[in-house]
Structure formats: C-alpha cells, structure tokens
$ cat my_file-v1.cif   # mmCIF, N, CA, C and O atoms and all ligand atoms
data_upload
loop_
_atom_site.group_PDB
_atom_site.id
_atom_site.type_symbol
_atom_site.label_atom_id
_atom_site.label_comp_id
_atom_site.auth_asym_id
_atom_site.auth_seq_id
_atom_site.Cartn_x
_atom_site.Cartn_y
_atom_site.Cartn_z
ATOM 1 N N MET A 1 -6.152 -7.860 -15.931
ATOM 2 C CA MET A 1 -4.880 -7.442 -15.313
ATOM 3 C C MET A 1 -5.042 -6.111 -14.582
ATOM 4 O O MET A 1 -5.636 -5.179 -15.096
ATOM 5 N N VAL A 2 -4.469 -6.072 -13.406
ATOM 6 C CA VAL A 2 -4.516 -4.853 -12.602
ATOM 7 C C VAL A 2 -3.159 -4.168 -12.694
ATOM 8 O O VAL A 2 -2.131 -4.806 -12.555
ATOM 9 N N ASN A 3 -3.184 -2.897 -12.947
ATOM 10 C CA ASN A 3 -1.952 -2.123 -13.036
ATOM 11 C C ASN A 3 -1.597 -1.565 -11.659
ATOM 12 O O ASN A 3 -2.311 -0.737 -11.104
ATOM 13 N N ILE A 4 -0.496 -2.050 -11.102
ATOM 14 C CA ILE A 4 -0.072 -1.633 -9.767
ATOM 15 C C ILE A 4 0.910 -0.471 -9.879
ATOM 16 O O ILE A 4 1.950 -0.602 -10.518
ATOM 17 N N MET A 5 0.568 0.644 -9.259
ATOM 18 C CA MET A 5 1.363 1.855 -9.446
ATOM 19 C C MET A 5 1.926 2.459 -8.161
ATOM 20 O O MET A 5 2.442 3.566 -8.177
ATOM 21 N N VAL A 6 1.745 1.746 -7.050
ATOM 22 C CA VAL A 6 2.272 2.168 -5.739
ATOM 23 C C VAL A 6 3.106 3.470 -5.760
ATOM 24 O O VAL A 6 4.146 3.535 -6.388
ATOM 25 N N ALA A 7 2.626 4.453 -5.047
ATOM 26 C CA ALA A 7 3.313 5.745 -5.007
ATOM 27 C C ALA A 7 4.425 5.729 -3.970
ATOM 28 O O ALA A 7 4.301 5.090 -2.928
ATOM 29 N N THR A 8 5.517 6.399 -4.275
ATOM 30 C CA THR A 8 6.611 6.513 -3.312
ATOM 31 C C THR A 8 6.569 7.902 -2.697
ATOM 32 O O THR A 8 6.602 8.902 -3.404
ATOM 33 N N ILE A 9 6.464 7.949 -1.395
ATOM 34 C CA ILE A 9 6.357 9.221 -0.693
ATOM 35 C C ILE A 9 7.486 9.340 0.317
ATOM 36 O O ILE A 9 7.769 8.393 1.042
ATOM 37 N N THR A 10 8.145 10.482 0.338
ATOM 38 C CA THR A 10 9.216 10.683 1.299
ATOM 39 C C THR A 10 8.783 11.735 2.312
ATOM 40 O O THR A 10 8.422 12.847 1.948
ATOM 41 N N LYS A 11 8.787 11.324 3.572
ATOM 42 C CA LYS A 11 8.409 12.231 4.649
ATOM 43 C C LYS A 11 9.518 12.253 5.674
ATOM 44 O O LYS A 11 9.894 11.209 6.201
ATOM 45 N N GLN A 12 10.011 13.427 5.957
ATOM 46 C CA GLN A 12 11.110 13.571 6.909
ATOM 47 C C GLN A 12 12.214 12.547 6.630
ATOM 48 O O GLN A 12 12.683 11.857 7.506
ATOM 49 N N ARG A 13 12.562 12.466 5.371
ATOM 50 C CA ARG A 13 13.639 11.609 4.880
ATOM 51 C C ARG A 13 13.363 10.113 5.038
ATOM 52 O O ARG A 13 14.242 9.284 4.866
ATOM 53 N N VAL A 14 12.132 9.786 5.398
ATOM 54 C CA VAL A 14 11.768 8.367 5.463
ATOM 55 C C VAL A 14 10.884 8.071 4.260
ATOM 56 O O VAL A 14 9.959 8.818 3.956
ATOM 57 N N LYS A 15 11.199 6.987 3.594
ATOM 58 C CA LYS A 15 10.468 6.637 2.387
ATOM 59 C C LYS A 15 9.293 5.710 2.704
ATOM 60 O O LYS A 15 9.440 4.726 3.416
ATOM 61 N N PHE A 16 8.143 6.078 2.177
ATOM 62 C CA PHE A 16 6.966 5.235 2.345
ATOM 63 C C PHE A 16 6.400 4.872 0.989
ATOM 64 O O PHE A 16 6.592 5.591 0.014
ATOM 65 N N PHE A 17 5.693 3.806 0.984
ATOM 66 C CA PHE A 17 5.013 3.382 -0.236
ATOM 67 C C PHE A 17 3.522 3.439 0.026
ATOM 68 O O PHE A 17 3.047 2.936 1.035
ATOM 69 N N GLN A 18 2.814 4.086 -0.867
ATOM 70 C CA GLN A 18 1.389 4.297 -0.646
ATOM 71 C C GLN A 18 0.529 3.527 -1.629
ATOM 72 O O GLN A 18 0.764 3.575 -2.833
ATOM 73 N N CYS A 19 -0.437 2.848 -1.097
ATOM 74 C CA CYS A 19 -1.439 2.195 -1.929
ATOM 75 C C CYS A 19 -2.297 3.287 -2.550
ATOM 76 O O CYS A 19 -2.844 4.117 -1.835
ATOM 77 N N GLU A 20 -2.380 3.323 -3.855
ATOM 78 C CA GLU A 20 -3.105 4.401 -4.518
ATOM 79 C C GLU A 20 -4.617 4.244 -4.406
ATOM 80 O O GLU A 20 -5.365 5.141 -4.745
ATOM 81 N N GLU A 21 -5.035 3.134 -3.912
ATOM 82 C CA GLU A 21 -6.462 2.865 -3.817
ATOM 83 C C GLU A 21 -7.011 3.271 -2.442
ATOM 84 O O GLU A 21 -7.923 4.053 -2.348
ATOM 85 N N CYS A 22 -6.428 2.760 -1.385
ATOM 86 C CA CYS A 22 -6.941 3.069 -0.039
ATOM 87 C C CYS A 22 -6.104 4.136 0.656
ATOM 88 O O CYS A 22 -6.462 4.593 1.733
ATOM 89 N N LEU A 23 -4.963 4.487 0.062
ATOM 90 C CA LEU A 23 -4.101 5.563 0.549
ATOM 91 C C LEU A 23 -3.386 5.262 1.864
ATOM 92 O O LEU A 23 -2.900 6.168 2.536
ATOM 93 N N PHE A 24 -3.304 4.005 2.233
ATOM 94 C CA PHE A 24 -2.511 3.617 3.387
ATOM 95 C C PHE A 24 -1.035 3.665 3.017
ATOM 96 O O PHE A 24 -0.673 3.461 1.857
ATOM 97 N N TYR A 25 -0.200 3.934 4.006
ATOM 98 C CA TYR A 25 1.242 3.960 3.793
ATOM 99 C C TYR A 25 1.890 2.687 4.321
ATOM 100 O O TYR A 25 1.475 2.157 5.345
ATOM 101 N N TYR A 26 2.933 2.256 3.634
ATOM 102 C CA TYR A 26 3.690 1.082 4.069
ATOM 103 C C TYR A 26 5.184 1.365 4.008
ATOM 104 O O TYR A 26 5.645 2.117 3.159
ATOM 105 N N ASN A 27 5.913 0.722 4.903
ATOM 106 C CA ASN A 27 7.379 0.800 4.876
ATOM 107 C C ASN A 27 7.931 -0.091 3.786
ATOM 108 O O ASN A 27 9.032 0.115 3.302
ATOM 109 N N ASP A 28 7.161 -1.093 3.479
ATOM 110 C CA ASP A 28 7.596 -2.159 2.595
ATOM 111 C C ASP A 28 6.858 -2.076 1.256
ATOM 112 O O ASP A 28 5.628 -2.094 1.214
ATOM 113 N N LYS A 29 7.621 -1.954 0.203
ATOM 114 C CA LYS A 29 7.006 -1.830 -1.118
ATOM 115 C C LYS A 29 6.161 -3.051 -1.465
ATOM 116 O O LYS A 29 5.102 -2.942 -2.072
ATOM 117 N N LYS A 30 6.640 -4.207 -1.041
ATOM 118 C CA LYS A 30 5.918 -5.457 -1.308
ATOM 119 C C LYS A 30 4.518 -5.421 -0.690
ATOM 120 O O LYS A 30 3.553 -5.854 -1.295
ATOM 121 N N MET A 31 4.427 -4.902 0.536
ATOM 122 C CA MET A 31 3.135 -4.828 1.211
ATOM 123 C C MET A 31 2.214 -3.829 0.500
ATOM 124 O O MET A 31 1.026 -4.083 0.343
ATOM 125 N N ALA A 32 2.793 -2.711 0.092
ATOM 126 C CA ALA A 32 2.004 -1.686 -0.603
ATOM 127 C C ALA A 32 1.440 -2.241 -1.909
ATOM 128 O O ALA A 32 0.281 -2.006 -2.253
ATOM 129 N N GLU A 33 2.262 -2.994 -2.603
ATOM 130 C CA GLU A 33 1.824 -3.585 -3.867
ATOM 131 C C GLU A 33 0.730 -4.617 -3.636
ATOM 132 O O GLU A 33 -0.249 -4.690 -4.371
ATOM 133 N N LYS A 34 0.907 -5.378 -2.564
ATOM 134 C CA LYS A 34 -0.073 -6.393 -2.193
ATOM 135 C C LYS A 34 -1.413 -5.734 -1.875
ATOM 136 O O LYS A 34 -2.463 -6.186 -2.315
ATOM 137 N N CYS A 35 -1.323 -4.657 -1.100
ATOM 138 C CA CYS A 35 -2.515 -3.913 -0.703
ATOM 139 C C CYS A 35 -3.216 -3.352 -1.935
ATOM 140 O O CYS A 35 -4.417 -3.519 -2.099
ATOM 141 N N GLU A 36 -2.444 -2.712 -2.797
ATOM 142 C CA GLU A 36 -3.041 -2.090 -3.967
ATOM 143 C C GLU A 36 -3.699 -3.124 -4.885
ATOM 144 O O GLU A 36 -4.776 -2.908 -5.421
ATOM 145 N N LYS A 37 -3.032 -4.250 -5.036
ATOM 146 C CA LYS A 37 -3.573 -5.318 -5.853
ATOM 147 C C LYS A 37 -4.910 -5.786 -5.279
ATOM 148 O O LYS A 37 -5.903 -5.910 -5.976
ATOM 149 N N TRP A 38 -4.907 -6.000 -3.962
ATOM 150 C CA TRP A 38 -6.117 -6.438 -3.275
ATOM 151 C C TRP A 38 -7.226 -5.399 -3.433
ATOM 152 O O TRP A 38 -8.346 -5.712 -3.812
ATOM 153 N N CYS A 39 -6.905 -4.153 -3.139
ATOM 154 C CA CYS A 39 -7.895 -3.071 -3.179
ATOM 155 C C CYS A 39 -8.523 -2.948 -4.567
ATOM 156 O O CYS A 39 -9.728 -2.761 -4.686
ATOM 157 N N LYS A 40 -7.694 -3.038 -5.583
ATOM 158 C CA LYS A 40 -8.196 -2.857 -6.940
ATOM 159 C C LYS A 40 -9.016 -4.039 -7.422
ATOM 160 O O LYS A 40 -9.963 -3.877 -8.173
ATOM 161 N N GLU A 41 -8.656 -5.207 -6.956
ATOM 162 C CA GLU A 41 -9.393 -6.400 -7.379
ATOM 163 C C GLU A 41 -10.675 -6.602 -6.592
ATOM 164 O O GLU A 41 -11.700 -6.944 -7.131
ATOM 165 N N LYS A 42 -10.566 -6.392 -5.266
ATOM 166 C CA LYS A 42 -11.702 -6.715 -4.390
ATOM 167 C C LYS A 42 -12.518 -5.503 -3.977
ATOM 168 O O LYS A 42 -13.581 -5.645 -3.391
ATOM 169 N N HIS A 43 -11.984 -4.314 -4.156
ATOM 170 C CA HIS A 43 -12.650 -3.083 -3.728
ATOM 171 C C HIS A 43 -13.030 -3.139 -2.263
ATOM 172 O O HIS A 43 -14.119 -2.745 -1.856
ATOM 173 N N SER A 44 -12.103 -3.678 -1.473
ATOM 174 C CA SER A 44 -12.290 -3.699 -0.022
ATOM 175 C C SER A 44 -10.898 -3.762 0.588
ATOM 176 O O SER A 44 -9.919 -3.910 -0.133
ATOM 177 N N CYS A 45 -10.831 -3.656 1.908
ATOM 178 C CA CYS A 45 -9.522 -3.728 2.548
ATOM 179 C C CYS A 45 -9.325 -5.078 3.200
ATOM 180 O O CYS A 45 -10.248 -5.661 3.750
ATOM 181 N N ASN A 46 -8.105 -5.531 3.139
ATOM 182 C CA ASN A 46 -7.745 -6.796 3.764
ATOM 183 C C ASN A 46 -7.036 -6.487 5.084
ATOM 184 O O ASN A 46 -5.947 -5.932 5.090
ATOM 185 N N MET A 47 -7.658 -6.849 6.193
ATOM 186 C CA MET A 47 -7.087 -6.564 7.519
ATOM 187 C C MET A 47 -5.705 -7.156 7.682
ATOM 188 O O MET A 47 -4.841 -6.589 8.350
ATOM 189 N N GLU A 48 -5.474 -8.286 7.064
ATOM 190 C CA GLU A 48 -4.163 -8.951 7.134
ATOM 191 C C GLU A 48 -3.074 -8.081 6.486
ATOM 192 O O GLU A 48 -1.914 -8.172 6.832
ATOM 193 N N ILE A 49 -3.480 -7.274 5.551
ATOM 194 C CA ILE A 49 -2.528 -6.384 4.870
ATOM 195 C C ILE A 49 -2.477 -5.030 5.562
ATOM 196 O O ILE A 49 -1.409 -4.528 5.872
ATOM 197 N N THR A 50 -3.643 -4.455 5.833
ATOM 198 C CA THR A 50 -3.670 -3.092 6.387
ATOM 199 C C THR A 50 -3.101 -3.008 7.798
ATOM 200 O O THR A 50 -2.708 -1.939 8.238
ATOM 201 N N LYS A 51 -3.009 -4.116 8.502
ATOM 202 C CA LYS A 51 -2.397 -4.064 9.833
ATOM 203 C C LYS A 51 -0.896 -3.767 9.739
ATOM 204 O O LYS A 51 -0.285 -3.364 10.723
ATOM 205 N N HIS A 52 -0.325 -3.924 8.565
ATOM 206 C CA HIS A 52 1.097 -3.602 8.350
ATOM 207 C C HIS A 52 1.274 -2.128 7.941
ATOM 208 O O HIS A 52 2.394 -1.682 7.775
ATOM 209 N N ALA A 53 0.184 -1.439 7.789
ATOM 210 C CA ALA A 53 0.260 -0.039 7.347
ATOM 211 C C ALA A 53 0.900 0.833 8.412
ATOM 212 O O ALA A 53 0.803 0.547 9.609
ATOM 213 N N VAL A 54 1.515 1.913 7.965
ATOM 214 C CA VAL A 54 2.131 2.886 8.866
ATOM 215 C C VAL A 54 1.057 3.853 9.300
ATOM 216 O O VAL A 54 0.308 4.355 8.464
ATOM 217 N N LYS A 55 0.960 4.134 10.577
ATOM 218 C CA LYS A 55 -0.091 5.022 11.077
ATOM 219 C C LYS A 55 0.215 6.490 10.749
ATOM 220 O O LYS A 55 1.354 6.885 10.782
HETATM 221 ZN ZN ZN B 101 -4.880 -0.542 -0.319
#
$ encode --input "my_file-v1.cif" --output "structure tokens" --more "lines below"
Ligand SMILES: [Zn+2]
Amino acid sequence: MVNIMVATITKQRVKFFQCEECLFYYNDKKMAEKCEKWCKEKHSCNMEITKHAVK
C-alpha cells in the first residue's frame, strides 16, 4: 500500500495540490493524487499525468 499525502499549497490565493514525490503542482487534487500514486509505485513520471501539471 502506498500512502498518498498530496500537499496543499496556496499561492496568491490560488490553491494547488503538490505531488510530494516529483513536486509538480496540480489544480486538481485527483490529478495530484494520481501523480503521487504513480510516482511512488513506479519511481518515474507519467507524461499523461504530468501534462496536467501547473507550470
Ligand atoms: Zn508526481
């Protein structure tokens, strides 16, 4: 079992969710959780997920 802990970060009053593994930011908590799950299980990045990341 992987423990998903997605961090919540607020920048200029906008809330982001951060994958604690690759440190990408997402607008969508679901995407951040998906990313973190992937990162922790596979130890790599999934382009299908990271393309949703906030720059
Ligand atoms: Zn990630």
$ closest_atom_pairs --input "my_file-v1.cif" --of "chain A" --to "ligand ZN 101 (chain B)" --cutoff "5 Å" --atoms "only N, CA, C and O atoms and all ligand atoms" --output "Markdown table"
| residue | atom | partner | partner_atom | distance |
| --- | --- | --- | --- | --- |
| A:Cys19 | CA | B:ZN101 | ZN | 4.7 |
| A:Glu21 | C | B:ZN101 | ZN | 4.9 |
| A:Cys22 | N | B:ZN101 | ZN | 3.8 |
| A:Cys35 | O | B:ZN101 | ZN | 3.5 |
| A:Glu36 | N | B:ZN101 | ZN | 4.1 |
| A:Cys39 | CA | B:ZN101 | ZN | 4.9 |
$ residues_around --input "my_file-v1.cif" --residues "Ile49 of chain A" --least-positions-apart "2" --cutoff "7 Å" --atoms "only C-alpha atoms" --output "VMD selection string"
chain A and resid 31 35 46 to 47 51 to 52
$ atom_distance --input "my_file-v1.cif" --atom1 "atom CA of Ala53 of chain A" --atom2 "atom CA of Asn27 of chain A"
7.6 Å
$ resolve_selection --input "my_file-v1.cif" --expression "the PyMOL selection byres (((chain A and resi 6-12) around 8) and not hetatm)" --output "short mmCIF file (atom, residue, chain, number, x, y, z; two decimals) with N, CA, C and O atoms, in the coordinates of the input"
data_model
loop_
_atom_site.label_atom_id
_atom_site.label_comp_id
_atom_site.auth_asym_id
_atom_site.auth_seq_id
_atom_site.Cartn_x
_atom_site.Cartn_y
_atom_site.Cartn_z
N ASN A 3 -3.18 -2.90 -12.95
CA ASN A 3 -1.95 -2.12 -13.04
C ASN A 3 -1.60 -1.56 -11.66
O ASN A 3 -2.31 -0.74 -11.10
N ILE A 4 -0.50 -2.05 -11.10
CA ILE A 4 -0.07 -1.63 -9.77
C ILE A 4 0.91 -0.47 -9.88
O ILE A 4 1.95 -0.60 -10.52
N MET A 5 0.57 0.64 -9.26
CA MET A 5 1.36 1.86 -9.45
C MET A 5 1.93 2.46 -8.16
O MET A 5 2.44 3.57 -8.18
N ARG A 13 12.56 12.47 5.37
CA ARG A 13 13.64 11.61 4.88
C ARG A 13 13.36 10.11 5.04
O ARG A 13 14.24 9.28 4.87
N VAL A 14 12.13 9.79 5.40
CA VAL A 14 11.77 8.37 5.46
C VAL A 14 10.88 8.07 4.26
O VAL A 14 9.96 8.82 3.96
N LYS A 15 11.20 6.99 3.59
CA LYS A 15 10.47 6.64 2.39
C LYS A 15 9.29 5.71 2.70
O LYS A 15 9.44 4.73 3.42
N PHE A 16 8.14 6.08 2.18
CA PHE A 16 6.97 5.24 2.35
C PHE A 16 6.40 4.87 0.99
O PHE A 16 6.59 5.59 0.01
N PHE A 17 5.69 3.81 0.98
CA PHE A 17 5.01 3.38 -0.24
C PHE A 17 3.52 3.44 0.03
O PHE A 17 3.05 2.94 1.03
N GLN A 18 2.81 4.09 -0.87
CA GLN A 18 1.39 4.30 -0.65
C GLN A 18 0.53 3.53 -1.63
O GLN A 18 0.76 3.58 -2.83
N CYS A 19 -0.44 2.85 -1.10
CA CYS A 19 -1.44 2.19 -1.93
C CYS A 19 -2.30 3.29 -2.55
O CYS A 19 -2.84 4.12 -1.84
N GLU A 20 -2.38 3.32 -3.86
CA GLU A 20 -3.10 4.40 -4.52
C GLU A 20 -4.62 4.24 -4.41
O GLU A 20 -5.36 5.14 -4.74
N GLU A 21 -5.04 3.13 -3.91
CA GLU A 21 -6.46 2.86 -3.82
C GLU A 21 -7.01 3.27 -2.44
O GLU A 21 -7.92 4.05 -2.35
N PHE A 24 -3.30 4.00 2.23
CA PHE A 24 -2.51 3.62 3.39
C PHE A 24 -1.03 3.66 3.02
O PHE A 24 -0.67 3.46 1.86
N TYR A 25 -0.20 3.93 4.01
CA TYR A 25 1.24 3.96 3.79
C TYR A 25 1.89 2.69 4.32
O TYR A 25 1.48 2.16 5.34
N TYR A 26 2.93 2.26 3.63
CA TYR A 26 3.69 1.08 4.07
C TYR A 26 5.18 1.36 4.01
O TYR A 26 5.64 2.12 3.16
N LYS A 29 7.62 -1.95 0.20
CA LYS A 29 7.01 -1.83 -1.12
C LYS A 29 6.16 -3.05 -1.46
O LYS A 29 5.10 -2.94 -2.07
N ALA A 32 2.79 -2.71 0.09
CA ALA A 32 2.00 -1.69 -0.60
C ALA A 32 1.44 -2.24 -1.91
O ALA A 32 0.28 -2.01 -2.25
N GLU A 33 2.26 -2.99 -2.60
CA GLU A 33 1.82 -3.58 -3.87
C GLU A 33 0.73 -4.62 -3.64
O GLU A 33 -0.25 -4.69 -4.37
N GLU A 36 -2.44 -2.71 -2.80
CA GLU A 36 -3.04 -2.09 -3.97
C GLU A 36 -3.70 -3.12 -4.88
O GLU A 36 -4.78 -2.91 -5.42
N LYS A 37 -3.03 -4.25 -5.04
CA LYS A 37 -3.57 -5.32 -5.85
C LYS A 37 -4.91 -5.79 -5.28
O LYS A 37 -5.90 -5.91 -5.98
#
$ select_by_dssp --input "my_file-v1.cif" --residues "chain A" --states "alpha helix (DSSP H)" --output "number ranges by chain"
A: 29-42, 47-50
$ select_by_dssp --input "my_file-v1.cif" --residues "chain A" --states "strand (DSSP E or B)" --output "PyMOL selection string"
chain A and resi 7-11+14-18+25-26+54
$ atom_distance --input "my_file-v1.cif" --atom1 "atom C of Lys42 of chain A" --atom2 "atom C of Lys55 of chain A"
22.9 Å
$ atom_distance --input "my_file-v1.cif" --atom1 "atom O of Glu48 of chain A" --atom2 "atom C of Val2 of chain A"
20.0 Å
